[in-house]
Structures are given as structure tokens and as C-alpha cells.
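A.B. asks: Contents are CSV, C-alpha atoms and all ligand atoms; file name coords24.csv:
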```csv
chain,number,residue,atom,x,y,z
D,1,MET,CA,107.3,196.8,41.0
D,2,GLU,CA,108.0,194.6,44.0
D,3,ASN,CA,105.2,194.5,46.6
D,4,ASP,CA,107.5,194.4,49.6
D,5,CYS,CA,110.0,197.0,48.4
D,6,LEU,CA,110.1,200.2,50.3
D,7,PHE,CA,111.1,202.4,47.3
D,8,CYS,CA,108.5,200.7,45.0
D,9,LYS,CA,105.9,201.7,47.7
D,10,ILE,CA,107.2,205.3,47.5
D,11,ILE,CA,106.9,205.2,43.7
D,12,LYS,CA,103.3,203.9,44.0
D,13,GLY,CA,102.5,206.7,46.6
D,14,GLU,CA,101.8,204.1,49.3
D,15,ILE,CA,104.5,205.7,51.4
D,16,PRO,CA,104.7,209.5,51.3
D,17,SER,CA,107.9,211.2,50.2
D,18,SER,CA,109.2,214.7,49.7
D,19,LYS,CA,109.4,214.7,45.9
D,20,VAL,CA,112.1,216.7,44.1
D,21,TYR,CA,111.7,215.4,40.6
D,22,GLU,CA,109.6,212.9,38.8
D,23,ASP,CA,109.1,211.7,35.2
D,24,ASP,CA,108.1,208.4,33.5
D,25,ASP,CA,111.4,206.7,34.3
D,26,VAL,CA,112.7,208.0,37.6
D,27,LEU,CA,111.8,209.6,40.9
D,28,ALA,CA,113.9,211.8,43.2
D,29,PHE,CA,112.9,212.5,46.8
D,30,ARG,CA,114.6,213.8,50.0
D,31,ASP,CA,116.3,211.2,52.3
D,32,ILE,CA,114.4,210.8,55.5
D,33,ASN,CA,117.7,210.8,57.5
D,34,PRO,CA,119.9,213.3,55.6
D,35,ALA,CA,123.7,213.0,55.8
D,36,ALA,CA,124.2,216.5,54.4
D,37,PRO,CA,122.2,219.7,54.2
D,38,ILE,CA,120.9,218.5,50.8
D,39,HIS,CA,120.4,214.7,50.6
D,40,ILE,CA,118.3,213.5,47.7
D,41,LEU,CA,117.7,209.9,46.6
D,42,LEU,CA,117.3,209.2,42.9
D,43,ILE,CA,115.7,205.9,41.9
D,44,PRO,CA,114.6,204.3,38.7
D,45,LYS,CA,110.9,203.4,38.6
D,46,LYS,CA,111.9,200.0,37.3
D,47,HIS,CA,112.7,197.7,40.2
D,48,ILE,CA,116.4,196.9,40.0
D,49,ALA,CA,117.7,195.5,43.3
D,50,SER,CA,121.2,197.0,43.2
D,51,LEU,CA,123.9,198.2,40.9
D,52,ALA,CA,125.1,194.6,40.6
D,53,GLU,CA,121.8,193.7,39.0
D,54,VAL,CA,122.0,196.3,36.2
D,55,LYS,CA,121.7,194.7,32.8
D,56,LYS,CA,122.9,195.8,29.4
D,57,GLU,CA,119.3,196.8,28.5
D,58,ASP,CA,119.3,199.2,31.4
D,59,GLY,CA,122.1,201.3,29.9
D,60,GLU,CA,119.9,204.1,28.6
D,61,LEU,CA,118.1,204.3,32.0
D,62,ILE,CA,121.4,204.5,33.9
D,63,ALA,CA,122.6,207.2,31.5
D,64,LYS,CA,119.4,209.1,32.0
D,65,MET,CA,119.8,208.9,35.8
D,66,HIS,CA,123.1,210.8,35.4
D,67,GLN,CA,121.5,213.4,33.3
D,68,VAL,CA,118.7,213.8,35.8
D,69,VAL,CA,121.3,214.3,38.6
D,70,ASN,CA,122.4,217.4,36.8
D,71,LYS,CA,118.9,218.5,36.1
D,72,ILE,CA,118.2,218.3,39.9
D,73,ALA,CA,121.5,220.1,40.7
D,74,ASP,CA,120.4,222.9,38.5
D,75,GLN,CA,116.8,222.9,39.8
D,76,GLU,CA,117.9,222.8,43.5
D,77,GLY,CA,120.7,225.4,43.0
D,78,PHE,CA,123.9,223.3,43.7
D,79,LYS,CA,125.1,222.7,40.2
D,80,LYS,CA,127.9,225.3,40.6
D,81,SER,CA,128.9,224.5,44.2
D,82,GLY,CA,128.9,220.7,43.4
D,83,TYR,CA,127.7,217.5,44.8
D,84,ARG,CA,128.8,214.0,45.7
D,85,LEU,CA,127.1,210.9,44.1
D,86,ILE,CA,127.1,207.7,46.1
D,87,VAL,CA,125.8,204.3,45.3
D,88,ASN,CA,125.9,201.6,47.9
D,89,CYS,CA,126.0,198.1,46.5
D,90,GLY,CA,125.7,195.0,48.6
D,91,LYS,CA,126.3,194.2,52.3
D,92,ASP,CA,129.8,195.6,52.7
D,93,SER,CA,128.7,199.0,51.5
D,94,GLY,CA,125.8,199.0,54.0
D,95,GLN,CA,123.1,199.0,51.3
D,96,GLU,CA,119.8,198.8,53.3
D,97,VAL,CA,117.2,199.3,50.6
D,98,MET,CA,117.4,196.7,47.8
D,99,HIS,CA,116.1,199.0,45.1
D,100,LEU,CA,118.9,200.8,43.2
D,101,HIS,CA,119.3,204.4,44.4
D,102,PHE,CA,121.8,207.3,43.9
D,103,HIS,CA,122.5,209.3,47.0
D,104,ILE,CA,123.0,213.0,45.9
D,105,LEU,CA,124.7,214.9,48.7
D,106,ALA,CA,125.3,218.7,48.5
D,107,GLY,CA,125.1,221.9,50.4
D,108,VAL,CA,128.3,221.6,52.4
D,109,LYS,CA,132.1,221.3,51.7
D,110,MET,CA,132.7,217.6,52.1
D,111,GLY,CA,135.9,215.9,53.3
D,112,ASP,CA,137.8,213.3,51.5
D,113,LYS,CA,137.1,210.5,53.9
D,114,ILE,CA,134.7,207.9,52.5
D,115,VAL,CA,134.8,205.3,55.2
D,201,LIG,P1,121.2,202.7,51.6
D,201,LIG,O1,121.8,202.5,53.0
D,201,LIG,O2,120.4,201.5,51.2
D,201,LIG,O3,122.3,203.1,50.5
D,201,LIG,O4,120.3,204.0,51.7
D,201,LIG,C1,119.0,203.9,52.0
D,201,LIG,C2,118.5,205.3,52.3
D,201,LIG,O5,117.1,205.4,52.4
D,201,LIG,C3,119.0,205.8,53.7
D,201,LIG,O6,119.8,207.0,53.5
D,201,LIG,C4,117.8,206.1,54.5
D,201,LIG,O7,117.8,207.2,55.3
D,201,LIG,C5,116.7,206.3,53.4
D,201,LIG,N1,115.4,205.9,53.7
D,201,LIG,C6,115.0,204.7,54.4
D,201,LIG,N2,113.7,204.7,54.5
D,201,LIG,C7,113.2,205.8,54.0
D,201,LIG,C8,111.9,206.4,53.8
D,201,LIG,O8,110.9,205.8,54.2
D,201,LIG,N3,111.7,207.6,53.2
D,201,LIG,C9,112.8,208.3,52.7
D,201,LIG,N4,112.6,209.4,52.1
D,201,LIG,N5,114.1,207.8,52.8
D,201,LIG,C10,114.3,206.6,53.5
D,202,ZN,ZN,111.6,198.4,44.3
```
Would you mind writing the structure in this file as C-alpha cells?
C.D. replies:
Amino acid sequence: MENDCLFCKIIKGEIPSSKVYEDDDVLAFRDINPAAPIHILLIPKKHIASLAEVKKEDGELIAKMHQVVNKIADQEGFKKSGYRLIVNCGKDSGQEVMHLHFHILAGVKMGDKIV
């Protein structure tokens, strides 16, 4: 946990969030500024600043995050219709919060433009 990290504060409950899924390792909550009808952020409870900081020992956690994406897709009813998974990493991507997060976007047919 990092004291000045926004997402660590959300994990600790110091900042409220609209929770979608939680277990010992991960938390998923709705993005405050959704870019699609369904926009969920999935984060590890361990503070990892970005995808670039993922270490070999985090492998199991990262694999679990992908499993949880599908659990959420099932729970929220978009497993069949599909979703887009986005991870911004570093300044050119526009990463604003330096705590690893998966953007899960769903609920609309998305175009193929990514920039
Ligand atoms: P990034 O640009 O770092 O990939 O994504 C950060 C995301 O966090 C943005 O989509 C932004 O809307 C979301 N966000 C920023 N602050 C908050 C907050 O306090 N609560 C929630 N739920 N989402 C936030
Ligand atoms: Zn953090």
C-alpha cells in the first residue's frame, strides 16, 4: 500500500467506490468517468505502479486478474457480447493513476480505432 496512491486509498476504503468484485487479491469498481456504457477498473490489491513494474513473482496475480475479468464479464452479463481490455502504461499511453489497472469496456459495439 502506498499512502499517496489514489487506488490504494480506494482499496483501504478511504475513498468510496462502486464495487463490482472483491477478493483477497483484487478489487474491481466502476470508473468515475466511463468511456463506455460499462467501464470497470480491475486492480491488484498489491501496489504495482504500472505494467512495466510487473515482476516474475507477480505472474500468478496477473493470470488471476485475467480470470477475474471473465468472472466479472459473467457476473455483469457481457461475457457473450464481449469486452475490450485496455492497460495504459507510462506517459505516452496517458496513464494517470500509477497503480496497475485493467480497463474493462463493454456494453457497446466498439470501433477499431485505438488512438
Ligand atoms: P488511466 O488514465 O490511468 O489509465 O486511468 C485512470 C482511470 O481512473 C480513468 O479512467 C479515470 O476516470 C479513473 N478514475 C480517476 N479517479 C477515480 C476515482 O476517484 N474513482 C474512480 N472510480 N475512478 C477514477
Ligand atoms: Zn497503489
A.B. asks: Report as JSON lines the residues of chain D within 9 Å of ligand ZN 202 (chain D), each with its shortest atom pair and distance in Å (one decimal), using only C-alpha atoms and all ligand atoms, ordered by chain and increasing residue number.
C.D. replies:
```
{"residue": "D:Met1", "atom": "CA", "partner": "D:ZN202", "partner_atom": "ZN", "distance": 5.7}
{"residue": "D:Glu2", "atom": "CA", "partner": "D:ZN202", "partner_atom": "ZN", "distance": 5.2}
{"residue": "D:Asn3", "atom": "CA", "partner": "D:ZN202", "partner_atom": "ZN", "distance": 7.8}
{"residue": "D:Asp4", "atom": "CA", "partner": "D:ZN202", "partner_atom": "ZN", "distance": 7.8}
{"residue": "D:Cys5", "atom": "CA", "partner": "D:ZN202", "partner_atom": "ZN", "distance": 4.6}
{"residue": "D:Leu6", "atom": "CA", "partner": "D:ZN202", "partner_atom": "ZN", "distance": 6.4}
{"residue": "D:Phe7", "atom": "CA", "partner": "D:ZN202", "partner_atom": "ZN", "distance": 5.0}
{"residue": "D:Cys8", "atom": "CA", "partner": "D:ZN202", "partner_atom": "ZN", "distance": 3.9}
{"residue": "D:Lys9", "atom": "CA", "partner": "D:ZN202", "partner_atom": "ZN", "distance": 7.4}
{"residue": "D:Ile10", "atom": "CA", "partner": "D:ZN202", "partner_atom": "ZN", "distance": 8.8}
{"residue": "D:Ile11", "atom": "CA", "partner": "D:ZN202", "partner_atom": "ZN", "distance": 8.3}
{"residue": "D:Ile43", "atom": "CA", "partner": "D:ZN202", "partner_atom": "ZN", "distance": 8.9}
{"residue": "D:Pro44", "atom": "CA", "partner": "D:ZN202", "partner_atom": "ZN", "distance": 8.7}
{"residue": "D:Lys45", "atom": "CA", "partner": "D:ZN202", "partner_atom": "ZN", "distance": 7.6}
{"residue": "D:Lys46", "atom": "CA", "partner": "D:ZN202", "partner_atom": "ZN", "distance": 7.2}
{"residue": "D:His47", "atom": "CA", "partner": "D:ZN202", "partner_atom": "ZN", "distance": 4.3}
{"residue": "D:Ile48", "atom": "CA", "partner": "D:ZN202", "partner_atom": "ZN", "distance": 6.6}
{"residue": "D:Ala49", "atom": "CA", "partner": "D:ZN202", "partner_atom": "ZN", "distance": 6.8}
{"residue": "D:Val97", "atom": "CA", "partner": "D:ZN202", "partner_atom": "ZN", "distance": 8.5}
{"residue": "D:Met98", "atom": "CA", "partner": "D:ZN202", "partner_atom": "ZN", "distance": 7.0}
{"residue": "D:His99", "atom": "CA", "partner": "D:ZN202", "partner_atom": "ZN", "distance": 4.6}
{"residue": "D:Leu100", "atom": "CA", "partner": "D:ZN202", "partner_atom": "ZN", "distance": 7.8}
```
A.B. asks: Please check which protein, DNA or RNA residues sit within 9 Å of ligand LIG 201 (chain D), counting all atoms listed in the file, and write them as a PyMOL selection string.
C.D. replies: chain D and resi 6-7+10+15-19+29-35+39-41+86-90+93-103
A.B. asks: Which distance in Å separates atom CA of D:Ile104 and atom CA of D:Ile38, to one decimal?
C.D. replies: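 That distance, rounded to one decimal, is 7.7 Å.
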A.B. asks: Identify, on the basis of only C-alpha atoms, every residue whose closest approach to D:Lys71 does not exceed 12 Å; exclude the query and any residue fewer than 3 positions from it along the same chain; express the result as a compact mmCIF listing (two decimals) with C-alpha atoms, in the frame of the given file.
C.D. replies:
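Result saved to around-v2.txt:
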```
# COMPACT_ATOMS: atom_id res chain seq x y z
CA VAL D 20 112.10 216.70 44.10
CA TYR D 21 111.70 215.40 40.60
CA GLU D 22 109.60 212.90 38.80
CA ASP D 23 109.10 211.70 35.20
CA ALA D 28 113.90 211.80 43.20
CA LEU D 42 117.30 209.20 42.90
CA LYS D 64 119.40 209.10 32.00
CA MET D 65 119.80 208.90 35.80
CA HIS D 66 123.10 210.80 35.40
CA GLN D 67 121.50 213.40 33.30
CA VAL D 68 118.70 213.80 35.80
CA ASP D 74 120.40 222.90 38.50
CA GLN D 75 116.80 222.90 39.80
CA GLU D 76 117.90 222.80 43.50
CA GLY D 77 120.70 225.40 43.00
CA PHE D 78 123.90 223.30 43.70
CA LYS D 79 125.10 222.70 40.20
CA ILE D 104 123.00 213.00 45.90
```
A.B. asks: Provide the atom CA of D:Leu85 to atom CA of D:Ala106 distance in Å, to one decimal place.
C.D. replies: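 Value for the atom CA of D:Leu85-atom CA of D:Ala106 distance: 9.1 Å.
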A.B. asks: Which distance in Å separates atom CA of D:Asp25 and atom CA of D:Asp58, to one decimal?
C.D. replies: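 Interatomic distance, atom CA of D:Asp25 to atom CA of D:Asp58: 11.3 Å.
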A.B. asks: Would you mind writing stretch 18-41 of chain D with N, CA and C atoms, as a short mmCIF file (atom, residue, chain, number, x, y, z; two decimals), keeping the file's coordinate frame?
C.D. replies:
```cif
data_model
loop_
_atom_site.label_atom_id
_atom_site.label_comp_id
_atom_site.auth_asym_id
_atom_site.auth_seq_id
_atom_site.Cartn_x
_atom_site.Cartn_y
_atom_site.Cartn_z
N SER D 18 108.99 213.32 50.10
CA SER D 18 109.20 214.70 49.70
C SER D 18 109.80 214.72 48.31
N LYS D 19 108.97 214.80 47.29
CA LYS D 19 109.40 214.70 45.90
C LYS D 19 110.20 215.89 45.43
N VAL D 20 111.27 215.62 44.70
CA VAL D 20 112.10 216.70 44.10
C VAL D 20 111.97 216.70 42.61
N TYR D 21 111.85 215.52 42.02
CA TYR D 21 111.70 215.40 40.60
C TYR D 21 111.06 214.08 40.23
N GLU D 22 110.24 214.11 39.20
CA GLU D 22 109.60 212.90 38.80
C GLU D 22 109.35 212.91 37.26
N ASP D 23 109.61 211.82 36.57
CA ASP D 23 109.10 211.70 35.20
C ASP D 23 108.74 210.20 35.01
N ASP D 24 108.54 209.77 33.77
CA ASP D 24 108.10 208.40 33.50
C ASP D 24 109.04 207.33 34.00
N ASP D 25 110.32 207.67 34.05
CA ASP D 25 111.40 206.70 34.30
C ASP D 25 111.97 206.70 35.69
N VAL D 26 111.98 207.88 36.31
CA VAL D 26 112.70 208.00 37.60
C VAL D 26 111.94 208.89 38.57
N LEU D 27 112.35 208.75 39.84
CA LEU D 27 111.80 209.60 40.90
C LEU D 27 112.91 210.01 41.83
N ALA D 28 112.89 211.27 42.24
CA ALA D 28 113.90 211.80 43.20
C ALA D 28 113.08 212.35 44.40
N PHE D 29 113.57 212.04 45.61
CA PHE D 29 112.90 212.50 46.80
C PHE D 29 113.95 212.71 47.91
N ARG D 30 113.59 213.47 48.93
CA ARG D 30 114.60 213.80 50.00
C ARG D 30 114.72 212.59 50.94
N ASP D 31 115.99 212.32 51.31
CA ASP D 31 116.30 211.20 52.30
C ASP D 31 115.68 211.58 53.61
N ILE D 32 115.05 210.61 54.24
CA ILE D 32 114.40 210.80 55.50
C ILE D 32 115.40 211.10 56.65
N ASN D 33 116.63 210.66 56.45
CA ASN D 33 117.70 210.80 57.50
C ASN D 33 118.92 211.44 56.81
N PRO D 34 118.84 212.74 56.49
CA PRO D 34 119.90 213.30 55.60
C PRO D 34 121.28 213.33 56.24
N ALA D 35 122.26 213.00 55.40
CA ALA D 35 123.70 213.00 55.80
C ALA D 35 124.38 214.27 55.41
N ALA D 36 123.67 215.18 54.79
CA ALA D 36 124.20 216.50 54.40
C ALA D 36 123.03 217.44 54.31
N PRO D 37 123.30 218.75 54.25
CA PRO D 37 122.20 219.70 54.20
C PRO D 37 121.21 219.39 53.04
N ILE D 38 121.74 218.94 51.91
CA ILE D 38 120.90 218.50 50.80
C ILE D 38 121.23 216.98 50.61
N HIS D 39 120.24 216.13 50.75
CA HIS D 39 120.40 214.70 50.60
C HIS D 39 119.21 214.14 49.83
N ILE D 40 119.42 213.90 48.55
CA ILE D 40 118.30 213.50 47.70
C ILE D 40 118.62 212.05 47.20
N LEU D 41 117.57 211.23 47.14
CA LEU D 41 117.70 209.90 46.60
C LEU D 41 117.06 209.88 45.20
#
```
